[in-house]
$ cat work_39.cif   # mmCIF, C-alpha atoms
data_model
#
loop_
_atom_site.group_PDB
_atom_site.id
_atom_site.type_symbol
_atom_site.label_atom_id
_atom_site.label_comp_id
_atom_site.auth_asym_id
_atom_site.auth_seq_id
_atom_site.Cartn_x
_atom_site.Cartn_y
_atom_site.Cartn_z
ATOM 1 C CA MET A 1 9.334 81.428 -20.875
ATOM 2 C CA HIS A 2 8.056 78.624 -23.084
ATOM 3 C CA ARG A 3 11.290 76.746 -22.486
ATOM 4 C CA GLN A 4 10.775 77.013 -18.720
ATOM 5 C CA LEU A 5 7.129 75.840 -19.011
ATOM 6 C CA ARG A 6 8.147 72.745 -21.005
ATOM 7 C CA SER A 7 10.785 71.931 -18.371
ATOM 8 C CA VAL A 8 8.180 72.103 -15.578
ATOM 9 C CA ILE A 9 5.805 69.839 -17.545
ATOM 10 C CA ARG A 10 8.562 67.270 -18.115
ATOM 11 C CA LYS A 11 9.391 67.222 -14.380
ATOM 12 C CA THR A 12 5.709 66.891 -13.470
ATOM 13 C CA LYS A 13 5.254 63.924 -15.814
ATOM 14 C CA ALA A 14 8.324 62.241 -14.381
ATOM 15 C CA ARG A 15 7.041 62.665 -10.823
ATOM 16 C CA SER A 16 3.580 61.338 -11.876
ATOM 17 C CA LEU A 17 5.110 58.282 -13.526
ATOM 18 C CA TYR A 18 7.210 57.594 -10.421
ATOM 19 C CA ALA A 19 4.128 57.934 -8.238
ATOM 20 C CA ILE A 20 2.207 55.502 -10.460
ATOM 21 C CA ILE A 21 5.035 52.945 -10.331
ATOM 22 C CA LEU A 22 5.303 53.315 -6.558
ATOM 23 C CA PHE A 23 1.543 52.964 -6.079
ATOM 24 C CA THR A 24 1.410 49.883 -8.306
ATOM 25 C CA GLY A 25 4.195 48.223 -6.338
ATOM 26 C CA VAL A 26 2.542 48.911 -2.983
ATOM 27 C CA ALA A 27 -0.818 47.670 -4.277
ATOM 28 C CA THR A 28 0.730 44.450 -5.583
ATOM 29 C CA TYR A 29 2.479 43.828 -2.260
ATOM 30 C CA LEU A 30 -0.726 44.422 -0.338
ATOM 31 C CA ALA A 31 -2.705 42.128 -2.657
ATOM 32 C CA VAL A 32 -0.252 39.265 -2.221
ATOM 33 C CA SER A 33 -0.163 39.805 1.543
ATOM 34 C CA LEU A 34 -3.950 39.754 1.785
ATOM 35 C CA GLU A 35 -4.100 36.670 -0.446
ATOM 36 C CA ASN A 36 -1.647 34.847 1.772
ATOM 37 C CA THR A 37 -3.672 35.767 4.836
ATOM 38 C CA PHE A 38 -7.289 35.181 3.684
ATOM 39 C CA GLY A 39 -6.943 32.809 0.720
ATOM 40 C CA GLY A 40 -6.869 33.220 -3.002
ATOM 41 C CA SER A 41 -5.102 31.650 -5.919
ATOM 42 C CA PRO A 42 -4.226 27.916 -5.479
ATOM 43 C CA SER A 43 -0.786 28.631 -6.881
ATOM 44 C CA ILE A 44 0.183 30.433 -3.688
ATOM 45 C CA HIS A 45 1.344 28.119 -0.890
ATOM 46 C CA ARG A 46 -0.443 28.790 2.407
ATOM 47 C CA PRO A 47 0.114 26.631 5.497
ATOM 48 C CA PRO A 48 -3.170 25.687 7.251
ATOM 49 C CA ALA A 49 -4.375 27.821 10.104
ATOM 50 C CA PRO A 50 -3.541 26.344 13.526
ATOM 51 C CA SER A 51 -7.219 25.489 14.201
ATOM 52 C CA ALA A 52 -7.732 23.620 10.923
ATOM 53 C CA ALA A 53 -6.210 20.249 11.906
ATOM 54 C CA PRO A 54 -8.078 19.785 15.215
ATOM 55 C CA PHE A 55 -11.369 20.791 13.587
ATOM 56 C CA THR A 56 -10.944 18.264 10.749
ATOM 57 C CA LYS A 57 -9.916 15.560 13.185
ATOM 58 C CA GLY A 58 -12.926 16.181 15.402
ATOM 59 C CA ARG A 59 -15.355 16.012 12.533
ATOM 60 C CA SER A 60 -13.791 12.800 11.236
ATOM 61 C CA SER A 61 -14.034 11.216 14.698
ATOM 62 C CA ALA A 62 -17.711 12.143 14.962
ATOM 63 C CA ALA A 63 -18.367 10.700 11.511
ATOM 64 C CA GLN A 64 -16.621 7.470 12.483
ATOM 65 C CA SER A 65 -18.678 7.286 15.697
ATOM 66 C CA THR A 66 -21.912 7.771 13.732
ATOM 67 C CA SER A 67 -20.846 5.057 11.300
ATOM 68 C CA ARG A 68 -20.170 2.631 14.151
ATOM 69 C CA SER A 69 -23.560 3.427 15.716
ATOM 70 C CA ASP A 70 -25.356 2.851 12.416
ATOM 71 C CA ALA A 71 -23.561 -0.482 12.007
ATOM 72 C CA LEU A 72 -24.707 -1.564 15.479
ATOM 73 C CA PHE A 73 -28.299 -0.479 14.800
ATOM 74 C CA THR A 74 -28.303 -2.352 11.476
ATOM 75 C CA ARG A 75 -26.942 -5.505 13.076
ATOM 76 C CA LEU A 76 -29.436 -5.310 15.952
ATOM 77 C CA GLN A 77 -32.400 -4.833 13.625
ATOM 78 C CA THR A 78 -31.235 -7.731 11.455
ATOM 79 C CA GLU A 79 -30.902 -9.978 14.524
ATOM 80 C CA LEU A 80 -34.442 -9.143 15.642
ATOM 81 C CA GLU A 81 -36.141 -9.525 12.260
ATOM 82 C CA SER A 82 -34.429 -12.566 10.709
ATOM 83 C CA LEU A 83 -36.514 -15.730 10.943
ATOM 84 C CA PRO A 84 -35.702 -19.261 9.732
ATOM 85 C CA ALA A 85 -36.747 -20.074 6.181
ATOM 86 C CA GLU A 86 -38.903 -22.975 7.375
ATOM 87 C CA SER A 87 -41.275 -22.867 10.309
ATOM 88 C CA LEU A 88 -40.457 -25.167 13.201
ATOM 89 C CA CYS A 89 -44.054 -25.031 14.384
ATOM 90 C CA HIS A 90 -47.010 -26.601 12.589
ATOM 91 C CA SER A 91 -49.672 -25.566 15.084
ATOM 92 C CA GLN A 92 -49.330 -22.076 16.569
ATOM 93 C CA ARG A 93 -51.978 -20.270 18.576
ATOM 94 C CA GLY A 94 -52.124 -16.894 20.278
ATOM 95 C CA LEU A 95 -53.000 -17.352 23.927
ATOM 96 C CA GLY A 96 -54.296 -14.754 26.358
ATOM 97 C CA GLY A 97 -54.550 -11.027 25.858
ATOM 98 C CA ARG A 98 -57.141 -8.376 26.412
ATOM 99 C CA CYS A 99 -58.629 -5.729 24.223
ATOM 100 C CA PHE A 100 -58.116 -2.010 24.728
ATOM 101 C CA ASN A 101 -59.390 0.940 22.693
ATOM 102 C CA CYS A 102 -62.026 -1.484 21.442
ATOM 103 C CA MET A 103 -65.346 -0.853 19.773
ATOM 104 C CA ILE A 104 -68.117 -3.129 18.594
ATOM 105 C CA ASN A 105 -69.138 -2.866 14.969
ATOM 106 C CA ASN A 106 -71.742 -5.271 13.574
ATOM 107 C CA GLU A 107 -71.066 -7.696 16.414
ATOM 108 C CA THR A 108 -67.319 -7.698 15.619
ATOM 109 C CA VAL A 109 -64.843 -6.530 18.216
ATOM 110 C CA LEU A 110 -62.335 -4.133 16.701
ATOM 111 C CA GLY A 111 -59.295 -2.699 18.395
ATOM 112 C CA GLN A 112 -55.882 -3.521 19.746
ATOM 113 C CA THR A 113 -54.995 -6.355 22.057
ATOM 114 C CA ASP A 114 -52.244 -6.582 24.631
ATOM 115 C CA GLY A 115 -50.719 -9.647 26.239
ATOM 116 C CA VAL A 116 -51.326 -12.192 23.449
ATOM 117 C CA LYS A 117 -48.455 -14.704 23.425
ATOM 118 C CA PRO A 118 -47.924 -16.898 20.348
ATOM 119 C CA THR A 119 -47.552 -20.493 21.507
ATOM 120 C CA CYS A 120 -46.492 -23.547 19.539
ATOM 121 C CA LEU A 121 -48.866 -26.306 20.607
ATOM 122 C CA ASP A 122 -46.527 -28.880 19.028
ATOM 123 C CA TRP A 123 -44.073 -28.321 21.864
ATOM 124 C CA LEU A 124 -46.533 -28.654 24.741
ATOM 125 C CA HIS A 125 -47.459 -31.956 26.385
ATOM 126 C CA ALA A 126 -49.531 -33.246 29.282
ATOM 127 C CA ASN A 127 -48.466 -31.760 32.606
ATOM 128 C CA CYS A 128 -46.359 -29.064 30.915
ATOM 129 C CA SER A 129 -44.704 -26.431 33.106
ATOM 130 C CA VAL A 130 -44.961 -22.658 32.664
ATOM 131 C CA LEU A 131 -43.241 -19.680 34.305
ATOM 132 C CA SER A 132 -45.130 -16.471 33.551
ATOM 133 C CA PHE A 133 -43.593 -13.099 34.483
ATOM 134 C CA GLY A 134 -45.599 -9.900 34.085
ATOM 135 C CA ILE A 135 -49.313 -10.372 34.765
ATOM 136 C CA ASN A 136 -50.616 -6.816 35.192
ATOM 137 C CA ASN A 137 -53.928 -8.149 36.579
ATOM 138 C CA ASP A 138 -54.558 -10.130 33.392
ATOM 139 C CA PHE A 139 -54.498 -13.903 33.951
ATOM 140 C CA SER A 140 -55.978 -14.749 30.538
ATOM 141 C CA PHE A 141 -52.730 -16.292 29.236
ATOM 142 C CA ASP A 142 -52.153 -18.246 32.450
ATOM 143 C CA ASP A 143 -55.716 -19.551 32.586
ATOM 144 C CA GLN A 144 -55.611 -20.705 28.959
ATOM 145 C CA MET A 145 -52.297 -22.456 29.563
ATOM 146 C CA SER A 146 -53.956 -24.162 32.524
ATOM 147 C CA ASP A 147 -56.821 -25.260 30.264
ATOM 148 C CA LEU A 148 -54.232 -26.981 28.053
ATOM 149 C CA GLY A 149 -53.041 -29.019 31.034
ATOM 150 C CA CYS A 150 -50.045 -26.922 32.083
ATOM 151 C CA THR A 151 -49.119 -26.008 35.641
ATOM 152 C CA VAL A 152 -48.502 -22.254 35.707
ATOM 153 C CA HIS A 153 -46.502 -20.208 38.197
ATOM 154 C CA ALA A 154 -47.307 -16.530 37.607
ATOM 155 C CA PHE A 155 -45.122 -13.745 39.026
ATOM 156 C CA ASP A 156 -45.806 -10.032 39.456
ATOM 157 C CA PRO A 157 -44.912 -7.791 42.442
ATOM 158 C CA THR A 158 -46.857 -4.754 41.234
ATOM 159 C CA MET A 159 -50.442 -5.932 41.693
ATOM 160 C CA GLY A 160 -50.836 -5.110 45.393
ATOM 161 C CA ARG A 161 -51.773 -8.633 46.448
ATOM 162 C CA ASP A 162 -50.093 -11.478 48.320
ATOM 163 C CA SER A 163 -49.096 -14.807 46.834
ATOM 164 C CA TYR A 164 -52.021 -17.220 46.515
ATOM 165 C CA ARG A 165 -53.312 -20.226 44.624
ATOM 166 C CA ARG A 166 -55.595 -18.948 41.879
ATOM 167 C CA SER A 167 -56.852 -22.333 40.678
ATOM 168 C CA GLU A 168 -55.888 -25.974 40.660
ATOM 169 C CA ARG A 169 -53.064 -25.374 38.179
ATOM 170 C CA VAL A 170 -52.320 -21.640 38.509
ATOM 171 C CA PHE A 171 -50.170 -20.311 41.366
ATOM 172 C CA PHE A 172 -49.526 -16.590 41.855
ATOM 173 C CA HIS A 173 -46.312 -15.246 43.406
ATOM 174 C CA ALA A 174 -45.997 -11.597 44.449
ATOM 175 C CA GLU A 175 -42.410 -11.270 43.222
ATOM 176 C CA GLY A 176 -40.747 -10.103 40.046
ATOM 177 C CA VAL A 177 -37.684 -11.296 38.165
ATOM 178 C CA ALA A 178 -34.275 -9.638 37.949
ATOM 179 C CA ALA A 179 -30.566 -10.413 37.812
ATOM 180 C CA ALA A 180 -30.454 -11.478 41.483
ATOM 181 C CA ASP A 181 -32.654 -11.947 44.531
ATOM 182 C CA GLY A 182 -33.456 -8.736 46.385
ATOM 183 C CA HIS A 183 -35.507 -5.650 45.628
ATOM 184 C CA SER A 184 -36.056 -3.450 42.611
ATOM 185 C CA GLY A 185 -37.119 -0.216 44.256
ATOM 186 C CA THR A 186 -39.727 -1.373 46.747
ATOM 187 C CA PHE A 187 -40.647 -4.555 44.853
ATOM 188 C CA PRO A 188 -39.270 -7.968 45.828
ATOM 189 C CA VAL A 189 -37.532 -9.782 42.950
ATOM 190 C CA LEU A 190 -35.990 -13.197 42.332
ATOM 191 C CA SER A 191 -33.386 -14.421 39.893
ATOM 192 C CA LEU A 192 -34.723 -16.771 37.222
ATOM 193 C CA ALA A 193 -33.022 -19.680 39.016
ATOM 194 C CA SER A 194 -34.702 -18.785 42.332
ATOM 195 C CA ALA A 195 -38.094 -18.368 40.644
ATOM 196 C CA ALA A 196 -37.708 -21.796 39.027
ATOM 197 C CA ALA A 197 -36.858 -23.246 42.429
ATOM 198 C CA ARG A 198 -39.923 -21.548 43.938
ATOM 199 C CA ALA A 199 -41.992 -23.392 41.337
ATOM 200 C CA GLY A 200 -40.212 -26.701 41.980
ATOM 201 C CA LEU A 201 -38.414 -26.562 38.621
ATOM 202 C CA GLU A 202 -34.775 -26.508 39.715
ATOM 203 C CA THR A 203 -34.058 -29.298 37.235
ATOM 204 C CA GLY A 204 -35.810 -30.642 34.187
ATOM 205 C CA VAL A 205 -37.484 -28.732 31.372
ATOM 206 C CA ILE A 206 -39.432 -25.484 31.699
ATOM 207 C CA ASP A 207 -41.815 -25.916 28.790
ATOM 208 C CA TYR A 208 -42.768 -22.243 28.431
ATOM 209 C CA LEU A 209 -41.263 -19.059 29.849
ATOM 210 C CA LYS A 210 -43.062 -15.751 29.400
ATOM 211 C CA LEU A 211 -41.074 -12.572 30.070
ATOM 212 C CA ASP A 212 -43.229 -9.446 29.751
ATOM 213 C CA VAL A 213 -41.438 -7.328 32.341
ATOM 214 C CA GLU A 214 -41.102 -3.829 30.858
ATOM 215 C CA GLY A 215 -37.340 -3.659 30.335
ATOM 216 C CA SER A 216 -36.047 -6.063 32.982
ATOM 217 C CA GLU A 217 -35.874 -8.843 30.375
ATOM 218 C CA TRP A 218 -32.362 -7.771 29.360
ATOM 219 C CA GLU A 219 -30.783 -8.268 32.760
ATOM 220 C CA VAL A 220 -32.465 -11.677 33.017
ATOM 221 C CA LEU A 221 -31.036 -12.752 29.655
ATOM 222 C CA LEU A 222 -27.567 -11.568 30.643
ATOM 223 C CA THR A 223 -27.538 -13.428 33.961
ATOM 224 C CA ALA A 224 -29.873 -16.444 33.718
ATOM 225 C CA GLY A 225 -27.112 -18.822 32.573
ATOM 226 C CA ALA A 226 -27.907 -22.496 33.121
ATOM 227 C CA THR A 227 -31.579 -21.893 33.970
ATOM 228 C CA LEU A 228 -32.148 -20.411 30.515
ATOM 229 C CA ARG A 229 -30.942 -23.680 28.990
ATOM 230 C CA GLN A 230 -33.815 -25.473 30.743
ATOM 231 C CA VAL A 231 -36.404 -23.456 28.779
ATOM 232 C CA ARG A 232 -37.996 -25.060 25.733
ATOM 233 C CA GLN A 233 -40.175 -22.163 24.493
ATOM 234 C CA LEU A 234 -39.644 -18.494 25.313
ATOM 235 C CA ALA A 235 -42.072 -15.607 24.747
ATOM 236 C CA LEU A 236 -40.028 -12.459 25.081
ATOM 237 C CA GLU A 237 -41.241 -8.868 24.846
ATOM 238 C CA LEU A 238 -38.134 -6.812 24.126
ATOM 239 C CA HIS A 239 -37.991 -3.093 24.915
ATOM 240 C CA LEU A 240 -35.118 -1.266 23.219
ATOM 241 C CA THR A 241 -36.177 2.023 24.738
ATOM 242 C CA HIS A 242 -38.995 3.100 26.837
ATOM 243 C CA PRO A 243 -40.351 5.699 29.097
ATOM 244 C CA TYR A 244 -39.244 3.161 31.623
ATOM 245 C CA GLY A 245 -35.491 3.320 31.069
ATOM 246 C CA GLN A 246 -32.368 2.515 29.087
ATOM 247 C CA LEU A 247 -29.983 -0.398 29.400
ATOM 248 C CA THR A 248 -26.674 0.757 30.865
ATOM 249 C CA SER A 249 -23.164 -0.677 30.783
ATOM 250 C CA GLY A 250 -24.215 -2.875 33.705
ATOM 251 C CA VAL A 251 -26.996 -5.426 33.533
ATOM 252 C CA GLY A 252 -29.793 -3.228 34.821
ATOM 253 C CA ILE A 253 -32.135 -0.649 33.426
ATOM 254 C CA GLN A 254 -31.408 2.954 34.307
ATOM 255 C CA GLN A 255 -34.667 4.750 34.980
ATOM 256 C CA SER A 256 -34.978 7.937 32.993
ATOM 257 C CA GLU A 257 -37.563 10.515 32.030
ATOM 258 C CA VAL A 258 -35.771 11.568 28.855
ATOM 259 C CA ALA A 259 -37.288 10.924 25.457
ATOM 260 C CA PRO A 260 -36.814 7.344 24.207
ATOM 261 C CA HIS A 261 -33.548 6.882 22.354
ATOM 262 C CA VAL A 262 -31.384 3.852 21.588
ATOM 263 C CA SER A 263 -27.712 4.602 22.246
ATOM 264 C CA ALA A 264 -24.813 2.843 20.552
ATOM 265 C CA GLU A 265 -23.810 1.389 23.914
ATOM 266 C CA GLY A 266 -27.364 0.185 24.486
ATOM 267 C CA ALA A 267 -27.384 -1.501 21.053
ATOM 268 C CA ARG A 268 -24.095 -3.209 21.856
ATOM 269 C CA ARG A 269 -25.463 -4.553 25.145
ATOM 270 C CA PHE A 270 -28.688 -5.700 23.492
ATOM 271 C CA LEU A 271 -26.612 -7.670 20.985
ATOM 272 C CA GLU A 272 -24.646 -9.175 23.857
ATOM 273 C CA ALA A 273 -27.864 -10.327 25.535
ATOM 274 C CA LEU A 274 -29.167 -11.817 22.276
ATOM 275 C CA GLY A 275 -25.833 -13.609 21.981
ATOM 276 C CA LYS A 276 -26.553 -15.253 25.337
ATOM 277 C CA LEU A 277 -29.789 -16.590 23.877
ATOM 278 C CA ARG A 278 -27.994 -17.988 20.846
ATOM 279 C CA GLU A 279 -25.362 -19.599 23.060
ATOM 280 C CA ALA A 280 -28.138 -21.259 25.088
ATOM 281 C CA GLY A 281 -29.439 -22.879 21.899
ATOM 282 C CA PHE A 282 -32.361 -20.565 21.071
ATOM 283 C CA LEU A 283 -33.670 -19.804 17.616
ATOM 284 C CA MET A 284 -36.192 -16.998 17.064
ATOM 285 C CA THR A 285 -39.377 -18.233 15.368
ATOM 286 C CA HIS A 286 -41.684 -15.219 15.650
ATOM 287 C CA SER A 287 -41.082 -11.458 15.579
ATOM 288 C CA VAL A 288 -43.507 -8.537 15.401
ATOM 289 C CA HIS A 289 -42.332 -4.990 16.057
ATOM 290 C CA SER A 290 -43.876 -1.688 17.041
ATOM 291 C CA VAL A 291 -44.592 1.064 14.530
ATOM 292 C CA ALA A 292 -42.680 3.697 16.515
ATOM 293 C CA CYS A 293 -39.008 3.609 15.653
ATOM 294 C CA GLN A 294 -35.725 5.522 15.734
ATOM 295 C CA LYS A 295 -34.337 6.674 12.393
ATOM 296 C CA TYR A 296 -30.716 6.015 11.507
ATOM 297 C CA ALA A 297 -28.729 5.932 8.261
ATOM 298 C CA GLY A 298 -29.649 2.323 7.461
ATOM 299 C CA GLY A 299 -33.336 2.426 8.350
ATOM 300 C CA CYS A 300 -35.602 2.847 11.362
ATOM 301 C CA LEU A 301 -35.041 0.758 14.504
ATOM 302 C CA PRO A 302 -38.336 -0.182 16.247
ATOM 303 C CA PHE A 303 -38.604 0.557 19.954
ATOM 304 C CA MET A 304 -40.238 -2.780 20.883
ATOM 305 C CA TYR A 305 -40.419 -6.357 19.597
ATOM 306 C CA GLU A 306 -42.765 -9.231 20.499
ATOM 307 C CA THR A 307 -40.688 -12.352 19.902
ATOM 308 C CA VAL A 308 -40.894 -16.097 20.445
ATOM 309 C CA TRP A 309 -37.833 -18.356 20.676
ATOM 310 C CA VAL A 310 -37.381 -22.109 20.817
ATOM 311 C CA ASN A 311 -34.480 -24.039 22.275
ATOM 312 C CA ILE A 312 -33.639 -26.402 19.414
ATOM 313 C CA ALA A 313 -31.762 -28.697 21.823
ATOM 314 C CA LEU A 314 -35.042 -29.306 23.698
ATOM 315 C CA LEU A 315 -37.488 -29.847 20.839
ATOM 316 C CA PRO A 316 -39.756 -32.762 21.723
ATOM 317 C CA THR A 317 -39.673 -35.889 19.632
ATOM 318 C CA ARG A 318 -42.792 -37.240 17.992
ATOM 319 C CA SER A 319 -43.114 -39.822 20.747
ATOM 320 C CA GLN A 320 -43.373 -37.191 23.519
#
$ encode --input "work_39.cif" --output "structure tokens"
Amino acid sequence: MHRQLRSVIRKTKARSLYAIILFTGVATYLAVSLENTFGGSPSIHRPPAPSAAPFTKGRSSAAQSTSRSDALFTRLQTELESLPAESLCHSQRGLGGRCFNCMINNETVLGQTDGVKPTCLDWLHANCSVLSFGINNDFSFDDQMSDLGCTVHAFDPTMGRDSYRRSERVFFHAEGVAAADGHSGTFPVLSLASAAARAGLETGVIDYLKLDVEGSEWEVLLTAGATLRQVRQLALELHLTHPYGQLTSGVGIQQSEVAPHVSAEGARRFLEALGKLREAGFLMTHSVHSVACQKYAGGCLPFMYETVWVNIALLPTRSQ
């Protein structure tokens, strides 16, 4: 009986050992299979999942696009904030403007002003000529230019009044400025060349051009051509974004109610327009920007700049 019991025990142990070996083999196989499927040791070769390559490619493309946008924003900001080392103007004065959000404190007026245009008096002369676009019912700049002896032609189609002669030297025209003659919405507009002709300035020098036209300045810069080369001094309010619209791939401003945002395409077109200024011989001599700006990797791009430019080919000589 004892002999039979020992025989049964031996057989049981053998079966148990076989079961253990079998279980270990299955477990190892399953572990390797799972590792190949879901990842594990780097020593095991696993081809990438089919979706891996497109996902990586898409992310790389987006990163490259962001990098290109940042480069455009950096270049644009540099263009709009780089001034010559030496001033070309010895006598500069801010002309015009009106106060808003003002208060009086100890007989001092405090607040913000709008419409002040820096003007280099060195470059003005007797009987100087001025084209002024964007009046908004404030003739303070135009009247002060008149006081300096300039003849001023002021343009604005939004004031609800007809063209008229304001004073001996100030003439008001109820039209705006754009890429071409026609209408912008319901407002009549002229090209810069047509406006110059309206003022009798088809040829010769336009001593001062003021463009404060809420976004339309870009299309004027892109299309003005030869007329721009007649301008000696240019006061230019530049809007990179605005509740008013965004520069498109064309020359116009696309009206939009979306939040202000400078696109890469917009930055490229702005640079193109500034290139037109450079080609016409202009050098920026004054630049002040808004506090509000759009963050990007290289900094924060302001939404608006008040700039003044001078055409170095038309600087007056001392004898003028």
$ closest_residue --input "work_39.cif" --among "A:Glu168, A:Asp162, A:Asp122, A:Glu219" --to "Lys276 of chain A" --atoms "all atoms listed in the file"
A:Glu219
$ residues_near_point --input "work_39.cif" --point "(-52.7, -8.5, 24.7)" --cutoff "6 Å" --atoms "only C-alpha atoms" --output "count of residues only"
6
$ atom_distance --input "work_39.cif" --atom1 "atom CA of Ser263 of chain A" --atom2 "atom CA of Leu240 of chain A"
9.5 Å
$ atom_distance --input "work_39.cif" --atom1 "atom CA of Ala195 of chain A" --atom2 "atom CA of Ala174 of chain A"
11.1 Å
$ resolve_selection --input "work_39.cif" --expression "the PyMOL selection byres ((chain A and resi 204) around 10)" --output "ChimeraX atom specification"
/A:129,200-203,205-207,227,229-231
$ closest_residue --input "work_39.cif" --among "A:Leu301, A:Leu72, A:Leu228, A:Val177" --to "Tyr208 of chain A" --atoms "only C-alpha atoms"
A:Leu228
$ residues_around --input "work_39.cif" --residues "His239 of chain A" --least-positions-apart "2" --cutoff "9 Å" --atoms "all atoms listed in the file" --output "VMD selection string"
chain A and resid 214 to 218 237 241 to 242 246 303 to 306
$ resolve_selection --input "work_39.cif" --expression "the PyMOL selection byres ((chain A and resi 89) around 9)" --output "mmCIF file with C-alpha atoms, keeping the file's coordinate frame"
data_model
loop_
_atom_site.group_PDB
_atom_site.id
_atom_site.type_symbol
_atom_site.label_atom_id
_atom_site.label_comp_id
_atom_site.auth_asym_id
_atom_site.auth_seq_id
_atom_site.Cartn_x
_atom_site.Cartn_y
_atom_site.Cartn_z
ATOM 1 C CA GLU A 86 -38.903 -22.975 7.375
ATOM 2 C CA SER A 87 -41.275 -22.867 10.309
ATOM 3 C CA LEU A 88 -40.457 -25.167 13.201
ATOM 4 C CA HIS A 90 -47.010 -26.601 12.589
ATOM 5 C CA SER A 91 -49.672 -25.566 15.084
ATOM 6 C CA GLN A 92 -49.330 -22.076 16.569
ATOM 7 C CA CYS A 120 -46.492 -23.547 19.539
ATOM 8 C CA LEU A 121 -48.866 -26.306 20.607
ATOM 9 C CA ASP A 122 -46.527 -28.880 19.028
ATOM 10 C CA TRP A 123 -44.073 -28.321 21.864
ATOM 11 C CA THR A 285 -39.377 -18.233 15.368
#
$ atom_distance --input "work_39.cif" --atom1 "atom CA of Leu271 of chain A" --atom2 "atom CA of Ala71 of chain A"
11.9 Å
$ closest_residue --input "work_39.cif" --among "A:Val170, A:Leu315, A:Leu124, A:Cys293" --to "Leu148 of chain A" --atoms "all atoms listed in the file"
A:Leu124
$ residues_around --input "work_39.cif" --residues "segment 153-158 of chain A" --least-positions-apart "4" --cutoff "10 Å" --atoms "all atoms listed in the file" --output "ChimeraX atom specification"
/A:129-137,139,141-142,162-163,165-166,169-177,184,186-190,195-196,198-200,209-211,213
$ write_last_selection --input "work_39.cif" --atoms "C-alpha atoms" --output "short mmCIF file (atom, residue, chain, number, x, y, z; two decimals), in the coordinates of the input"
data_model
loop_
_atom_site.label_atom_id
_atom_site.label_comp_id
_atom_site.auth_asym_id
_atom_site.auth_seq_id
_atom_site.Cartn_x
_atom_site.Cartn_y
_atom_site.Cartn_z
CA SER A 129 -44.70 -26.43 33.11
CA VAL A 130 -44.96 -22.66 32.66
CA LEU A 131 -43.24 -19.68 34.30
CA SER A 132 -45.13 -16.47 33.55
CA PHE A 133 -43.59 -13.10 34.48
CA GLY A 134 -45.60 -9.90 34.08
CA ILE A 135 -49.31 -10.37 34.76
CA ASN A 136 -50.62 -6.82 35.19
CA ASN A 137 -53.93 -8.15 36.58
CA PHE A 139 -54.50 -13.90 33.95
CA PHE A 141 -52.73 -16.29 29.24
CA ASP A 142 -52.15 -18.25 32.45
CA ASP A 162 -50.09 -11.48 48.32
CA SER A 163 -49.10 -14.81 46.83
CA ARG A 165 -53.31 -20.23 44.62
CA ARG A 166 -55.60 -18.95 41.88
CA ARG A 169 -53.06 -25.37 38.18
CA VAL A 170 -52.32 -21.64 38.51
CA PHE A 171 -50.17 -20.31 41.37
CA PHE A 172 -49.53 -16.59 41.86
CA HIS A 173 -46.31 -15.25 43.41
CA ALA A 174 -46.00 -11.60 44.45
CA GLU A 175 -42.41 -11.27 43.22
CA GLY A 176 -40.75 -10.10 40.05
CA VAL A 177 -37.68 -11.30 38.16
CA SER A 184 -36.06 -3.45 42.61
CA THR A 186 -39.73 -1.37 46.75
CA PHE A 187 -40.65 -4.56 44.85
CA PRO A 188 -39.27 -7.97 45.83
CA VAL A 189 -37.53 -9.78 42.95
CA LEU A 190 -35.99 -13.20 42.33
CA ALA A 195 -38.09 -18.37 40.64
CA ALA A 196 -37.71 -21.80 39.03
CA ARG A 198 -39.92 -21.55 43.94
CA ALA A 199 -41.99 -23.39 41.34
CA GLY A 200 -40.21 -26.70 41.98
CA LEU A 209 -41.26 -19.06 29.85
CA LYS A 210 -43.06 -15.75 29.40
CA LEU A 211 -41.07 -12.57 30.07
CA VAL A 213 -41.44 -7.33 32.34
#
$ resolve_selection --input "work_39.cif" --expression "the PyMOL selection byres ((chain A and resi 95) around 8)" --output "short mmCIF file (atom, residue, chain, number, x, y, z; two decimals) with C-alpha atoms, keeping the file's coordinate frame"
data_model
loop_
_atom_site.label_atom_id
_atom_site.label_comp_id
_atom_site.auth_asym_id
_atom_site.auth_seq_id
_atom_site.Cartn_x
_atom_site.Cartn_y
_atom_site.Cartn_z
CA ARG A 93 -51.98 -20.27 18.58
CA GLY A 94 -52.12 -16.89 20.28
CA GLY A 96 -54.30 -14.75 26.36
CA GLY A 97 -54.55 -11.03 25.86
CA VAL A 116 -51.33 -12.19 23.45
CA LYS A 117 -48.46 -14.70 23.42
CA PRO A 118 -47.92 -16.90 20.35
CA THR A 119 -47.55 -20.49 21.51
CA SER A 140 -55.98 -14.75 30.54
CA PHE A 141 -52.73 -16.29 29.24
CA GLN A 144 -55.61 -20.70 28.96
CA MET A 145 -52.30 -22.46 29.56
#
$ closest_residue --input "work_39.cif" --among "A:Gly225, A:Asp143, A:Asp181, A:Thr151" --to "Asn127 of chain A" --atoms "only C-alpha atoms"
A:Thr151
$ residues_around --input "work_39.cif" --residues "Gly275 of chain A" --least-positions-apart "6" --cutoff "10 Å" --atoms "all atoms listed in the file" --output "mmCIF file with C-alpha atoms, in the coordinates of the input"
data_model
loop_
_atom_site.group_PDB
_atom_site.id
_atom_site.type_symbol
_atom_site.label_atom_id
_atom_site.label_comp_id
_atom_site.auth_asym_id
_atom_site.auth_seq_id
_atom_site.Cartn_x
_atom_site.Cartn_y
_atom_site.Cartn_z
ATOM 1 C CA GLU A 79 -30.902 -9.978 14.524
ATOM 2 C CA LEU A 221 -31.036 -12.752 29.655
ATOM 3 C CA LEU A 222 -27.567 -11.568 30.643
ATOM 4 C CA ARG A 269 -25.463 -4.553 25.145
ATOM 5 C CA GLY A 281 -29.439 -22.879 21.899
ATOM 6 C CA PHE A 282 -32.361 -20.565 21.071
#
